[in-house]
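Listing of target35.csv; format and content: CSV, C-alpha atoms.
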chain,number,residue,atom,x,y,z
A,1,MET,CA,75.0,128.5,111.7
A,2,CYS,CA,75.6,125.0,110.4
A,3,ASP,CA,72.4,123.8,108.9
A,4,ALA,CA,73.8,120.2,108.2
A,5,CYS,CA,74.5,119.1,111.8
A,6,ASP,CA,72.9,121.9,113.8
A,7,CYS,CA,76.0,122.1,116.0
A,8,GLY,CA,75.7,125.8,116.5
A,9,HIS,CA,79.1,126.6,114.8
A,10,VAL,CA,79.6,128.6,111.6
A,11,HIS,CA,81.0,126.5,108.8
A,12,ILE,CA,81.8,127.5,105.3
A,13,HIS,CA,80.6,124.7,103.1
A,14,GLU,CA,81.7,124.3,99.6
A,15,HIS,CA,78.6,124.0,97.3
A,16,PRO,CA,78.2,124.0,93.6
A,17,PRO,CA,76.4,127.2,92.5
A,18,HIS,CA,73.1,125.3,92.4
A,19,SER,CA,72.5,122.3,94.5
A,20,PRO,CA,70.4,119.6,92.7
A,21,LEU,CA,67.4,120.4,94.9
A,22,THR,CA,67.2,124.0,93.8
A,23,LYS,CA,67.2,123.4,90.1
A,24,GLY,CA,64.0,124.2,88.3
A,25,GLY,CA,61.5,121.4,88.0
A,26,GLN,CA,62.8,119.5,91.1
A,27,ARG,CA,60.5,118.4,93.9
A,28,GLY,CA,59.4,121.2,96.3
A,29,VAL,CA,61.0,124.1,94.5
A,30,LYS,CA,58.8,127.0,93.6
A,31,THR,CA,59.2,130.7,92.7
A,32,VAL,CA,57.3,133.2,94.9
A,33,ASP,CA,56.5,136.6,93.4
A,34,VAL,CA,57.2,139.2,96.0
A,35,ASN,CA,57.5,142.6,94.2
A,36,GLN,CA,58.1,144.7,97.3
A,37,SER,CA,60.5,147.3,98.4
A,38,LEU,CA,63.8,146.2,100.1
A,39,LEU,CA,63.0,148.9,102.7
A,40,LYS,CA,59.5,147.6,103.3
A,41,ALA,CA,59.8,147.2,107.1
A,42,ASN,CA,61.3,150.6,107.5
A,43,ASN,CA,58.8,152.2,105.2
A,44,GLU,CA,55.9,150.7,107.2
A,45,ALA,CA,57.4,151.8,110.5
A,46,ALA,CA,57.8,155.3,109.0
A,47,VAL,CA,54.1,155.5,107.9
A,48,ASN,CA,53.1,154.5,111.4
A,49,ASN,CA,55.4,157.2,112.9
A,50,ARG,CA,54.0,159.9,110.6
A,51,GLN,CA,50.4,159.0,111.5
A,52,HIS,CA,51.3,159.0,115.2
A,53,PHE,CA,52.8,162.5,114.9
A,54,THR,CA,50.0,163.8,112.7
A,55,ASP,CA,47.3,162.5,115.1
A,56,ARG,CA,49.0,164.4,117.9
A,57,GLY,CA,49.4,167.6,115.9
A,58,ILE,CA,53.2,167.3,115.9
A,59,LEU,CA,55.3,168.6,113.0
A,60,ALA,CA,58.2,166.2,112.6
A,61,ILE,CA,61.4,167.5,111.0
A,62,ASN,CA,64.3,165.3,110.0
A,63,LEU,CA,67.6,167.1,109.8
A,64,ILE,CA,70.4,165.5,107.7
A,65,SER,CA,73.9,166.7,106.9
A,66,SER,CA,77.6,165.8,107.0
A,67,PRO,CA,79.2,165.7,110.5
A,68,GLY,CA,79.9,169.2,111.7
A,69,SER,CA,77.6,171.2,109.4
A,70,GLY,CA,75.9,172.8,112.3
A,71,LYS,CA,72.7,170.8,112.9
A,72,THR,CA,72.9,171.0,116.7
A,73,THR,CA,73.9,174.7,116.6
A,74,LEU,CA,70.9,175.4,114.4
A,75,LEU,CA,68.7,173.6,116.9
A,76,GLU,CA,70.2,175.5,119.8
A,77,LYS,CA,69.5,178.8,118.1
A,78,THR,CA,66.0,177.7,117.1
A,79,VAL,CA,65.2,176.7,120.7
A,80,GLU,CA,66.5,180.0,122.0
A,81,VAL,CA,64.1,181.9,119.7
A,82,LEU,CA,61.0,179.7,119.8
A,83,LYS,CA,60.9,177.9,123.2
A,84,ASP,CA,58.5,180.3,124.8
A,85,GLU,CA,56.3,180.3,121.8
A,86,ILE,CA,56.0,176.7,120.8
A,87,SER,CA,56.7,173.3,122.5
A,88,ILE,CA,59.8,171.6,121.1
A,89,GLY,CA,61.2,168.1,121.5
A,90,VAL,CA,64.4,166.7,120.0
A,91,LEU,CA,65.6,163.3,119.1
A,92,GLU,CA,69.4,163.3,118.7
A,93,GLY,CA,71.0,160.6,116.5
A,94,ASP,CA,74.7,159.8,116.9
A,95,ILE,CA,76.9,156.8,116.7
A,96,GLU,CA,78.2,157.3,120.3
A,97,THR,CA,77.8,159.7,123.2
A,98,ALA,CA,74.9,161.8,124.6
A,99,LEU,CA,76.7,165.1,124.0
A,100,ASP,CA,74.2,166.6,121.6
A,101,ALA,CA,71.2,165.7,123.7
A,102,GLU,CA,72.9,167.3,126.7
A,103,ARG,CA,73.5,170.5,124.6
A,104,ILE,CA,69.8,170.7,123.7
A,105,ARG,CA,68.6,169.9,127.3
A,106,ALA,CA,70.9,172.7,128.5
A,107,LYS,CA,68.6,175.0,126.5
A,108,GLY,CA,65.6,173.9,128.4
A,109,VAL,CA,63.8,171.5,126.1
A,110,PRO,CA,63.4,167.7,126.3
A,111,ALA,CA,65.8,165.7,124.2
A,112,GLU,CA,66.4,162.0,123.9
A,113,GLN,CA,69.7,160.6,122.6
A,114,LEU,CA,69.5,157.8,120.1
A,115,THR,CA,72.9,156.1,119.9
A,116,THR,CA,73.2,153.7,116.9
A,117,GLY,CA,76.3,152.0,118.2
A,118,GLY,CA,77.9,152.1,114.7
A,119,ALA,CA,75.1,152.5,112.2
A,120,CYS,CA,75.5,155.5,110.0
A,121,HIS,CA,71.8,156.6,110.0
A,122,LEU,CA,68.7,156.5,112.0
A,123,ASP,CA,65.8,154.2,111.0
A,124,ALA,CA,62.1,154.5,111.6
A,125,SER,CA,61.9,151.9,114.4
A,126,GLN,CA,64.7,153.7,116.4
A,127,VAL,CA,62.6,156.9,116.1
A,128,HIS,CA,59.5,155.1,117.2
A,129,LYS,CA,61.3,153.8,120.4
A,130,GLY,CA,63.1,157.1,120.9
A,131,PHE,CA,59.8,159.1,120.7
A,132,HIS,CA,58.2,157.0,123.5
A,133,PHE,CA,61.2,157.6,125.7
A,134,LEU,CA,60.9,161.3,125.0
A,135,GLU,CA,57.2,161.2,125.9
A,136,HIS,CA,58.2,160.1,129.4
A,137,HIS,CA,60.0,163.5,129.9
A,138,LEU,CA,57.0,165.4,128.6
A,139,HIS,CA,54.7,164.5,131.5
A,140,GLY,CA,51.6,164.9,129.3
A,141,LYS,CA,52.8,168.2,127.7
A,142,LYS,CA,51.9,168.4,124.1
A,143,LEU,CA,54.6,168.9,121.5
A,144,ASP,CA,54.3,171.3,118.5
A,145,VAL,CA,57.5,170.4,116.8
A,146,LEU,CA,59.7,167.3,116.9
A,147,PHE,CA,63.2,167.7,115.5
A,148,ILE,CA,65.0,164.5,114.6
A,149,GLU,CA,68.7,165.2,114.2
A,150,ASN,CA,70.1,162.4,112.1
A,151,VAL,CA,73.6,160.9,112.4
A,152,GLY,CA,76.0,163.1,110.6
A,153,ASN,CA,76.2,161.6,107.1
A,154,LEU,CA,75.1,162.9,103.8
A,155,VAL,CA,74.6,159.5,102.1
A,156,CYS,CA,72.7,156.8,104.1
A,157,PRO,CA,70.2,158.9,106.1
A,158,SER,CA,68.6,160.0,102.7
A,159,PHE,CA,67.5,156.3,102.2
A,160,PHE,CA,65.5,156.0,105.4
A,161,ASP,CA,62.1,157.6,105.8
A,162,LEU,CA,61.7,158.2,109.6
A,163,GLY,CA,58.1,159.3,109.4
A,164,GLU,CA,59.0,163.0,109.2
A,165,HIS,CA,56.8,165.6,107.5
A,166,VAL,CA,59.7,167.7,106.4
A,167,ARG,CA,63.2,166.8,105.5
A,168,VAL,CA,65.9,169.5,105.8
A,169,VAL,CA,69.4,169.1,104.5
A,170,LEU,CA,72.3,171.3,105.7
A,171,ILE,CA,75.4,172.0,103.7
A,172,SER,CA,78.0,174.3,105.4
A,173,VAL,CA,80.3,176.7,103.5
A,174,PRO,CA,83.5,174.9,104.4
A,175,GLU,CA,82.2,171.6,102.8
A,176,GLY,CA,82.2,173.2,99.4
A,177,HIS,CA,79.5,174.1,96.8
A,178,ASP,CA,79.9,170.8,95.0
A,179,LYS,CA,78.0,168.8,97.6
A,180,PRO,CA,74.5,168.7,95.9
A,181,VAL,CA,75.9,167.0,92.8
A,182,LYS,CA,78.0,164.6,94.9
A,183,TYR,CA,75.1,163.7,97.2
A,184,PRO,CA,72.1,164.1,94.9
A,185,LYS,CA,69.7,161.8,96.9
A,186,ALA,CA,70.0,164.0,100.0
A,187,ILE,CA,69.0,167.0,97.8
A,188,ARG,CA,66.2,165.2,95.9
A,189,THR,CA,64.5,163.9,99.0
A,190,SER,CA,64.6,167.1,101.1
A,191,GLN,CA,62.2,170.1,101.0
A,192,LEU,CA,64.6,172.6,102.3
A,193,LEU,CA,68.4,173.2,101.8
A,194,ILE,CA,70.1,175.3,104.5
A,195,ILE,CA,73.4,176.7,103.5
A,196,SER,CA,75.0,177.1,106.9
A,197,LYS,CA,78.1,179.0,108.2
A,198,ALA,CA,77.5,181.8,105.6
A,199,ASP,CA,79.7,184.1,107.7
A,200,LEU,CA,82.7,182.0,106.4
A,201,VAL,CA,82.0,182.6,102.7
A,202,GLN,CA,84.7,185.2,102.4
A,203,TYR,CA,87.4,182.7,103.5
A,204,PHE,CA,86.4,179.9,101.1
A,205,ASP,CA,86.0,179.5,97.3
A,206,PHE,CA,82.3,178.9,97.8
A,207,ASP,CA,79.9,179.9,95.0
A,208,ILE,CA,76.4,180.4,96.5
A,209,SER,CA,74.8,180.9,93.1
A,210,LYS,CA,76.3,177.6,91.8
A,211,ILE,CA,75.1,175.6,94.8
A,212,LYS,CA,71.6,177.1,94.5
A,213,LYS,CA,71.5,176.4,90.7
A,214,ASP,CA,72.7,172.7,91.1
A,215,ALA,CA,70.3,172.1,94.0
A,216,LEU,CA,67.3,173.5,92.1
A,217,ALA,CA,68.3,171.4,89.0
A,218,LEU,CA,68.1,168.3,91.1
A,219,ASN,CA,65.0,169.4,93.0
A,220,PRO,CA,63.1,172.3,91.4
A,221,SER,CA,60.6,172.7,94.3
A,222,MET,CA,63.3,172.9,96.9
A,223,LYS,CA,63.4,175.9,99.2
A,224,ILE,CA,66.9,177.3,100.0
A,225,ILE,CA,67.9,179.5,103.0
A,226,VAL,CA,71.4,180.9,103.5
A,227,THR,CA,72.1,181.0,107.2
A,228,SER,CA,74.8,181.9,109.8
A,229,ALA,CA,74.1,180.9,113.4
A,230,LYS,CA,77.0,183.2,114.3
A,231,THR,CA,75.6,186.5,112.7
A,232,GLY,CA,72.0,185.5,112.7
A,233,GLU,CA,71.7,185.7,108.9
A,234,GLY,CA,68.8,183.8,107.6
A,235,MET,CA,67.4,182.8,111.0
A,236,ASP,CA,64.2,184.9,110.5
A,237,GLU,CA,63.6,183.1,107.2
A,238,TRP,CA,64.2,179.7,108.9
A,239,ILE,CA,61.8,180.5,111.8
A,240,GLU,CA,59.2,181.7,109.2
A,241,PHE,CA,59.6,178.4,107.3
A,242,LEU,CA,58.9,176.5,110.6
A,243,LYS,CA,55.9,178.6,111.4
A,244,THR,CA,54.5,178.2,107.9
A,245,ASN,CA,54.8,174.5,108.1
A,246,LEU,CA,53.3,174.4,111.6
A,247,LYS,CA,50.2,176.3,110.3
A,248,GLN,CA,49.8,173.9,107.5
A,249,LYS,CA,49.6,171.0,110.0
B,1,MET,CA,77.4,151.7,104.0
B,2,HIS,CA,73.6,151.6,104.1
B,3,GLU,CA,73.8,148.4,102.1
B,4,VAL,CA,74.5,146.4,105.3
B,5,SER,CA,71.2,147.8,106.8
B,6,ILE,CA,69.4,146.9,103.6
B,7,ALA,CA,70.8,143.4,103.6
B,8,LEU,CA,69.8,142.9,107.3
B,9,GLY,CA,66.3,144.2,106.5
B,10,MET,CA,66.2,141.8,103.5
B,11,VAL,CA,67.0,138.9,105.8
B,12,ASP,CA,64.0,139.7,108.0
B,13,GLU,CA,61.8,140.0,105.0
B,14,LEU,CA,63.0,136.7,103.6
B,15,TYR,CA,62.2,134.9,106.9
B,16,ARG,CA,58.6,136.3,106.6
B,17,ILE,CA,58.3,135.1,103.0
B,18,ALA,CA,59.7,131.7,103.9
B,19,ARG,CA,57.2,131.3,106.8
B,20,LYS,CA,54.3,132.4,104.7
B,21,ASN,CA,55.2,129.8,102.1
B,22,ASN,CA,56.3,127.0,104.5
B,23,ALA,CA,59.7,127.0,102.9
B,24,GLU,CA,62.7,125.4,104.5
B,25,ARG,CA,65.3,126.9,102.3
B,26,ILE,CA,65.7,129.9,100.0
B,27,SER,CA,67.8,129.2,97.0
B,28,SER,CA,67.7,132.5,95.1
B,29,VAL,CA,66.5,136.0,95.5
B,30,LYS,CA,65.8,138.2,92.4
B,31,LEU,CA,66.2,141.9,93.0
B,32,LYS,CA,65.5,144.9,90.8
B,33,ILE,CA,67.8,147.8,91.5
B,34,GLY,CA,67.5,151.0,89.6
B,35,LYS,CA,70.6,152.8,88.2
B,36,MET,CA,69.6,155.8,90.4
B,37,SER,CA,68.5,153.9,93.5
B,38,GLY,CA,71.7,154.8,95.3
B,39,ILE,CA,72.3,151.1,96.1
B,40,VAL,CA,75.8,149.8,95.2
B,41,THR,CA,74.9,146.4,93.9
B,42,ASP,CA,78.4,144.9,94.7
B,43,SER,CA,78.2,146.2,98.2
B,44,LEU,CA,74.7,144.8,98.7
B,45,LYS,CA,75.8,141.3,97.4
B,46,PHE,CA,78.9,141.5,99.6
B,47,ALA,CA,76.8,142.4,102.7
B,48,PHE,CA,74.2,139.7,102.0
B,49,ASP,CA,76.8,137.0,101.4
B,50,ALA,CA,78.4,137.9,104.8
B,51,VAL,CA,75.1,137.9,106.8
B,52,LYS,CA,73.4,134.9,105.1
B,53,LEU,CA,75.9,132.5,106.6
B,54,GLU,CA,74.4,132.9,110.0
B,55,HIS,CA,71.0,131.8,108.7
B,56,PRO,CA,70.4,128.1,107.7
B,57,LEU,CA,67.4,129.3,105.7
B,58,LEU,CA,69.6,131.5,103.5
B,59,SER,CA,73.1,130.1,103.7
B,60,ARG,CA,72.9,128.9,100.1
B,61,ALA,CA,70.8,131.7,98.7
B,62,GLU,CA,72.1,133.5,95.7
B,63,ILE,CA,71.3,137.0,94.8
B,64,ILE,CA,70.4,137.8,91.2
B,65,ILE,CA,70.3,141.5,90.5
B,66,GLU,CA,68.5,143.0,87.5
B,67,GLU,CA,69.8,146.6,87.0
B,68,VAL,CA,67.0,148.9,85.8
B,69,PRO,CA,68.0,151.6,83.4
B,70,LEU,CA,67.2,155.3,84.1
B,71,VAL,CA,64.3,156.2,81.8
B,72,TYR,CA,62.6,159.5,81.6
B,73,GLU,CA,59.6,160.8,79.7
B,74,CYS,CA,59.7,164.4,78.4
B,75,ASN,CA,56.7,166.4,79.7
B,76,ASP,CA,57.0,168.7,76.7
B,77,CYS,CA,57.4,166.4,73.7
B,78,HIS,CA,56.3,163.2,75.4
B,79,VAL,CA,59.2,161.1,74.1
B,80,SER,CA,60.7,158.4,76.4
B,81,PHE,CA,64.5,158.0,76.5
B,82,ASP,CA,67.3,156.3,78.5
B,83,ALA,CA,69.2,159.1,80.3
B,84,ALA,CA,72.9,159.1,80.0
B,85,ASP,CA,73.4,161.9,82.5
B,86,ILE,CA,72.2,160.6,85.9
B,87,TYR,CA,71.9,164.0,87.7
B,88,PHE,CA,71.1,166.6,85.1
B,89,PRO,CA,69.2,164.9,82.3
B,90,SER,CA,67.6,166.7,79.5
B,91,CYS,CA,65.4,165.4,76.6
B,92,GLY,CA,67.4,164.1,73.7
B,93,VAL,CA,64.8,165.4,71.2
B,94,CYS,CA,63.8,168.9,72.4
B,95,GLY,CA,66.4,169.6,75.2
B,96,SER,CA,63.7,170.2,77.8
B,97,ARG,CA,64.6,169.5,81.5
B,98,ASN,CA,60.9,169.2,82.3
B,99,LEU,CA,60.9,165.4,82.7
B,100,ARG,CA,59.1,162.6,84.5
B,101,LEU,CA,61.0,159.7,85.9
B,102,VAL,CA,59.7,156.4,84.5
B,103,SER,CA,62.2,154.0,86.0
B,104,GLY,CA,65.6,153.9,87.6
B,105,GLU,CA,64.9,154.3,91.3
B,106,GLU,CA,63.8,150.7,91.9
B,107,GLN,CA,64.9,148.9,95.0
B,108,HIS,CA,62.7,145.8,95.0
B,109,ILE,CA,62.7,142.2,95.8
B,110,GLU,CA,61.0,140.8,92.7
B,111,SER,CA,60.8,137.1,93.5
B,112,VAL,CA,62.2,134.4,95.6
B,113,GLU,CA,62.9,130.7,94.8
B,114,VAL,CA,62.0,128.6,97.8
B,115,THR,CA,62.3,124.9,98.7
B,116,ASP,CA,59.8,123.3,101.0
File written out as structure tokens:
Amino acid sequence: MCDACDCGHVHIHEHPPHSPLTKGGQRGVKTVDVNQSLLKANNEAAVNNRQHFTDRGILAINLISSPGSGKTTLLEKTVEVLKDEISIGVLEGDIETALDAERIRAKGVPAEQLTTGGACHLDASQVHKGFHFLEHHLHGKKLDVLFIENVGNLVCPSFFDLGEHVRVVLISVPEGHDKPVKYPKAIRTSQLLIISKADLVQYFDFDISKIKKDALALNPSMKIIVTSAKTGEGMDEWIEFLKTNLKQK
Amino acid sequence: MHEVSIALGMVDELYRIARKNNAERISSVKLKIGKMSGIVTDSLKFAFDAVKLEHPLLSRAEIIIEEVPLVYECNDCHVSFDAADIYFPSCGVCGSRNLRLVSGEEQHIESVEVTD
């Protein structure tokens, strides 16, 4: 917007690096100490979300991974096992389409699709709005677990606290065992690493001991579960992990 | 790509700071970005310079970035050191991997120069 004539058009003005007014010591110029996070607004919204979930006894889990690592499949399998035992709700983050929310609803649990329209990650305010939409489908029913499936991306989602209690990162066998060192922030900020599609390990040069060693070097307290939604490997351990976290709530 | 979201969040924050200080114009923004913050400083500058043009308050604002080194303290021999290895650091004196991060993850707005 043009700030000189207020005409409403975008102009590119040529200015010297410092206009005379902004030089130190000039009238009306002052330095304001701020010292706050660049992500302050998101972090505050995340704190509110977490409190909201905690107050309602809901365990919130943020699932992050590359596209196609098997987040939605893991959720489908989890719902199949647990839906008669605990009350589950799902927020599905994607750039476009409601395909994933439809897959989850087909399993008989409420799901709300959050389409970011291009953004490569969810943020805390989207989760806030999405959760209120989800609450409409619950008709007063209490949730035990809220899964938030992030946009498929191993980089940007790791920067945005959504107000979850637990962050889970998935890395599938076809992606390669070098992913923890290439995407360290996703590993460092997660409490659980799920190595998915373990049934494919015989077809890939995938070193399970190396990925475990690298992940633990980056995050010594991280728990690691090797799974296959196809064969059911590791699913008991994953369900146990969920139940343990639910009890601790 | 999250740098665009961060730049947009920064714009909102700068509006709040300007309102609080009755400022009409922001001329510079000092940021502290750690070596291990995961923020690409060139991308953040590029994103901010693109979005600021839509905002009279910020159209002349310049970003000044102080990059903060990655410093650890060894929990075993208590020495502090600049880490050369971002991901798998070990103590330069005793070789321990039992370390405490002192700095390097910063992603802060430190100060803002405003004109009223």
Practice item. Would you kindly return, as an MDAnalysis selection string, each protein, DNA or RNA residue with an atom no farther than 10 Å from any atom of stretch 87-93 of chain A, considering all atoms listed in the file and excluding same-chain residues fewer than 5 positions away? Key: chainID A and resid 58:63 72 75 78:79 82 98:102 104:105 108:116 120:123 126:127 130:131 133:135 137:138 141:152
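Every residue of chain A that lies within 6 Å of chain B is listed here, counting only C-alpha atoms: Met1, Asp3, Gly28, Val29, Lys30, Thr31, Val32, Asp33, Val34, Asn35, Gln36, Ser37, Leu38 and Cys156 of chain A.
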Please dump the current selection as a PDB file, keeping the file's coordinate frame; keep C-alpha atoms.
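The result, stored in part35.pdb:
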ATOM      1  CA  MET A   1      75.000 128.500 111.700  1.00  0.00           C
ATOM      2  CA  ASP A   3      72.400 123.800 108.900  1.00  0.00           C
ATOM      3  CA  GLY A  28      59.400 121.200  96.300  1.00  0.00           C
ATOM      4  CA  VAL A  29      61.000 124.100  94.500  1.00  0.00           C
ATOM      5  CA  LYS A  30      58.800 127.000  93.600  1.00  0.00           C
ATOM      6  CA  THR A  31      59.200 130.700  92.700  1.00  0.00           C
ATOM      7  CA  VAL A  32      57.300 133.200  94.900  1.00  0.00           C
ATOM      8  CA  ASP A  33      56.500 136.600  93.400  1.00  0.00           C
ATOM      9  CA  VAL A  34      57.200 139.200  96.000  1.00  0.00           C
ATOM     10  CA  ASN A  35      57.500 142.600  94.200  1.00  0.00           C
ATOM     11  CA  GLN A  36      58.100 144.700  97.300  1.00  0.00           C
ATOM     12  CA  SER A  37      60.500 147.300  98.400  1.00  0.00           C
ATOM     13  CA  LEU A  38      63.800 146.200 100.100  1.00  0.00           C
ATOM     14  CA  CYS A 156      72.700 156.800 104.100  1.00  0.00           C
TER      15      CYS A 156
END
Review point. So which one's closest to A:His128, A:Asn245, A:Lys77, A:Gln51, A:Ser190? Using only C-alpha atoms, please.
Key: A:Gln51
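The interatomic distance for the pair atom CA of A:Asp199 and atom CA of A:Ala229 works out to 8.6 Å.
Atom CA of A:Asp94 is positioned 23.7 Å from atom CA of A:Lys230.
Take atom CA of A:Asn219 and atom CA of A:Ile171: the distance between them is 15.1 Å.
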**Study point:** Shell around stretch 66-72 of chain B at 7 Å using all atoms listed in the file, local window under 4 positions removed, as a PyMOL selection string
**Key:** chain B and resi 31-36+80-83+99-104
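Restricting the calculation to all atoms listed in the file, the smallest distance between A:Leu154 and any of A:Glu44, A:Asp205, A:Glu175, A:Asp55 is found for A:Glu175.
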Atoms are missing here; could stretch 45-64 of chain B be completed with N, CA and C atoms and written as a PDB file, keeping the file's coordinate frame?
ATOM      1  N   LYS B  45      75.537 142.779  97.539  1.00  0.00           N
ATOM      2  CA  LYS B  45      75.800 141.300  97.400  1.00  0.00           C
ATOM      3  C   LYS B  45      76.852 140.927  98.469  1.00  0.00           C
ATOM      4  N   PHE B  46      77.875 141.749  98.650  1.00  0.00           N
ATOM      5  CA  PHE B  46      78.900 141.500  99.600  1.00  0.00           C
ATOM      6  C   PHE B  46      78.304 141.367 101.039  1.00  0.00           C
ATOM      7  N   ALA B  47      77.452 142.348 101.361  1.00  0.00           N
ATOM      8  CA  ALA B  47      76.800 142.400 102.700  1.00  0.00           C
ATOM      9  C   ALA B  47      75.924 141.181 102.893  1.00  0.00           C
ATOM     10  N   PHE B  48      75.123 140.876 101.878  1.00  0.00           N
ATOM     11  CA  PHE B  48      74.200 139.700 102.000  1.00  0.00           C
ATOM     12  C   PHE B  48      74.955 138.429 102.155  1.00  0.00           C
ATOM     13  N   ASP B  49      76.011 138.267 101.344  1.00  0.00           N
ATOM     14  CA  ASP B  49      76.800 137.000 101.400  1.00  0.00           C
ATOM     15  C   ASP B  49      77.470 136.870 102.787  1.00  0.00           C
ATOM     16  N   ALA B  50      77.752 137.992 103.439  1.00  0.00           N
ATOM     17  CA  ALA B  50      78.400 137.900 104.800  1.00  0.00           C
ATOM     18  C   ALA B  50      77.305 137.544 105.824  1.00  0.00           C
ATOM     19  N   VAL B  51      76.126 138.168 105.762  1.00  0.00           N
ATOM     20  CA  VAL B  51      75.100 137.900 106.800  1.00  0.00           C
ATOM     21  C   VAL B  51      74.373 136.611 106.622  1.00  0.00           C
ATOM     22  N   LYS B  52      74.269 136.126 105.388  1.00  0.00           N
ATOM     23  CA  LYS B  52      73.400 134.900 105.100  1.00  0.00           C
ATOM     24  C   LYS B  52      73.985 133.688 105.817  1.00  0.00           C
ATOM     25  N   LEU B  53      75.310 133.653 106.050  1.00  0.00           N
ATOM     26  CA  LEU B  53      75.900 132.500 106.600  1.00  0.00           C
ATOM     27  C   LEU B  53      75.422 132.146 108.012  1.00  0.00           C
ATOM     28  N   GLU B  54      74.897 133.149 108.684  1.00  0.00           N
ATOM     29  CA  GLU B  54      74.400 132.900 110.000  1.00  0.00           C
ATOM     30  C   GLU B  54      72.962 132.325 110.008  1.00  0.00           C
ATOM     31  N   HIS B  55      72.389 132.201 108.824  1.00  0.00           N
ATOM     32  CA  HIS B  55      71.000 131.800 108.700  1.00  0.00           C
ATOM     33  C   HIS B  55      70.854 130.529 107.862  1.00  0.00           C
ATOM     34  N   PRO B  56      70.557 129.371 108.478  1.00  0.00           N
ATOM     35  CA  PRO B  56      70.400 128.100 107.700  1.00  0.00           C
ATOM     36  C   PRO B  56      69.420 128.325 106.525  1.00  0.00           C
ATOM     37  N   LEU B  57      68.375 129.097 106.764  1.00  0.00           N
ATOM     38  CA  LEU B  57      67.400 129.300 105.700  1.00  0.00           C
ATOM     39  C   LEU B  57      68.011 129.920 104.448  1.00  0.00           C
ATOM     40  N   LEU B  58      69.049 130.730 104.649  1.00  0.00           N
ATOM     41  CA  LEU B  58      69.600 131.500 103.500  1.00  0.00           C
ATOM     42  C   LEU B  58      70.995 131.195 103.146  1.00  0.00           C
ATOM     43  N   SER B  59      71.603 130.233 103.863  1.00  0.00           N
ATOM     44  CA  SER B  59      73.100 130.100 103.700  1.00  0.00           C
ATOM     45  C   SER B  59      73.474 129.740 102.288  1.00  0.00           C
ATOM     46  N   ARG B  60      72.556 129.201 101.512  1.00  0.00           N
ATOM     47  CA  ARG B  60      72.900 128.900 100.100  1.00  0.00           C
ATOM     48  C   ARG B  60      72.230 129.832  99.128  1.00  0.00           C
ATOM     49  N   ALA B  61      71.578 130.824  99.637  1.00  0.00           N
ATOM     50  CA  ALA B  61      70.800 131.700  98.700  1.00  0.00           C
ATOM     51  C   ALA B  61      71.744 132.569  97.890  1.00  0.00           C
ATOM     52  N   GLU B  62      71.340 132.682  96.647  1.00  0.00           N
ATOM     53  CA  GLU B  62      72.100 133.500  95.700  1.00  0.00           C
ATOM     54  C   GLU B  62      71.309 134.686  95.312  1.00  0.00           C
ATOM     55  N   ILE B  63      71.981 135.818  95.232  1.00  0.00           N
ATOM     56  CA  ILE B  63      71.300 137.000  94.800  1.00  0.00           C
ATOM     57  C   ILE B  63      71.438 137.245  93.328  1.00  0.00           C
ATOM     58  N   ILE B  64      70.338 137.478  92.667  1.00  0.00           N
ATOM     59  CA  ILE B  64      70.400 137.800  91.200  1.00  0.00           C
ATOM     60  C   ILE B  64      69.840 139.192  91.055  1.00  0.00           C
TER      61      ILE B  64
END
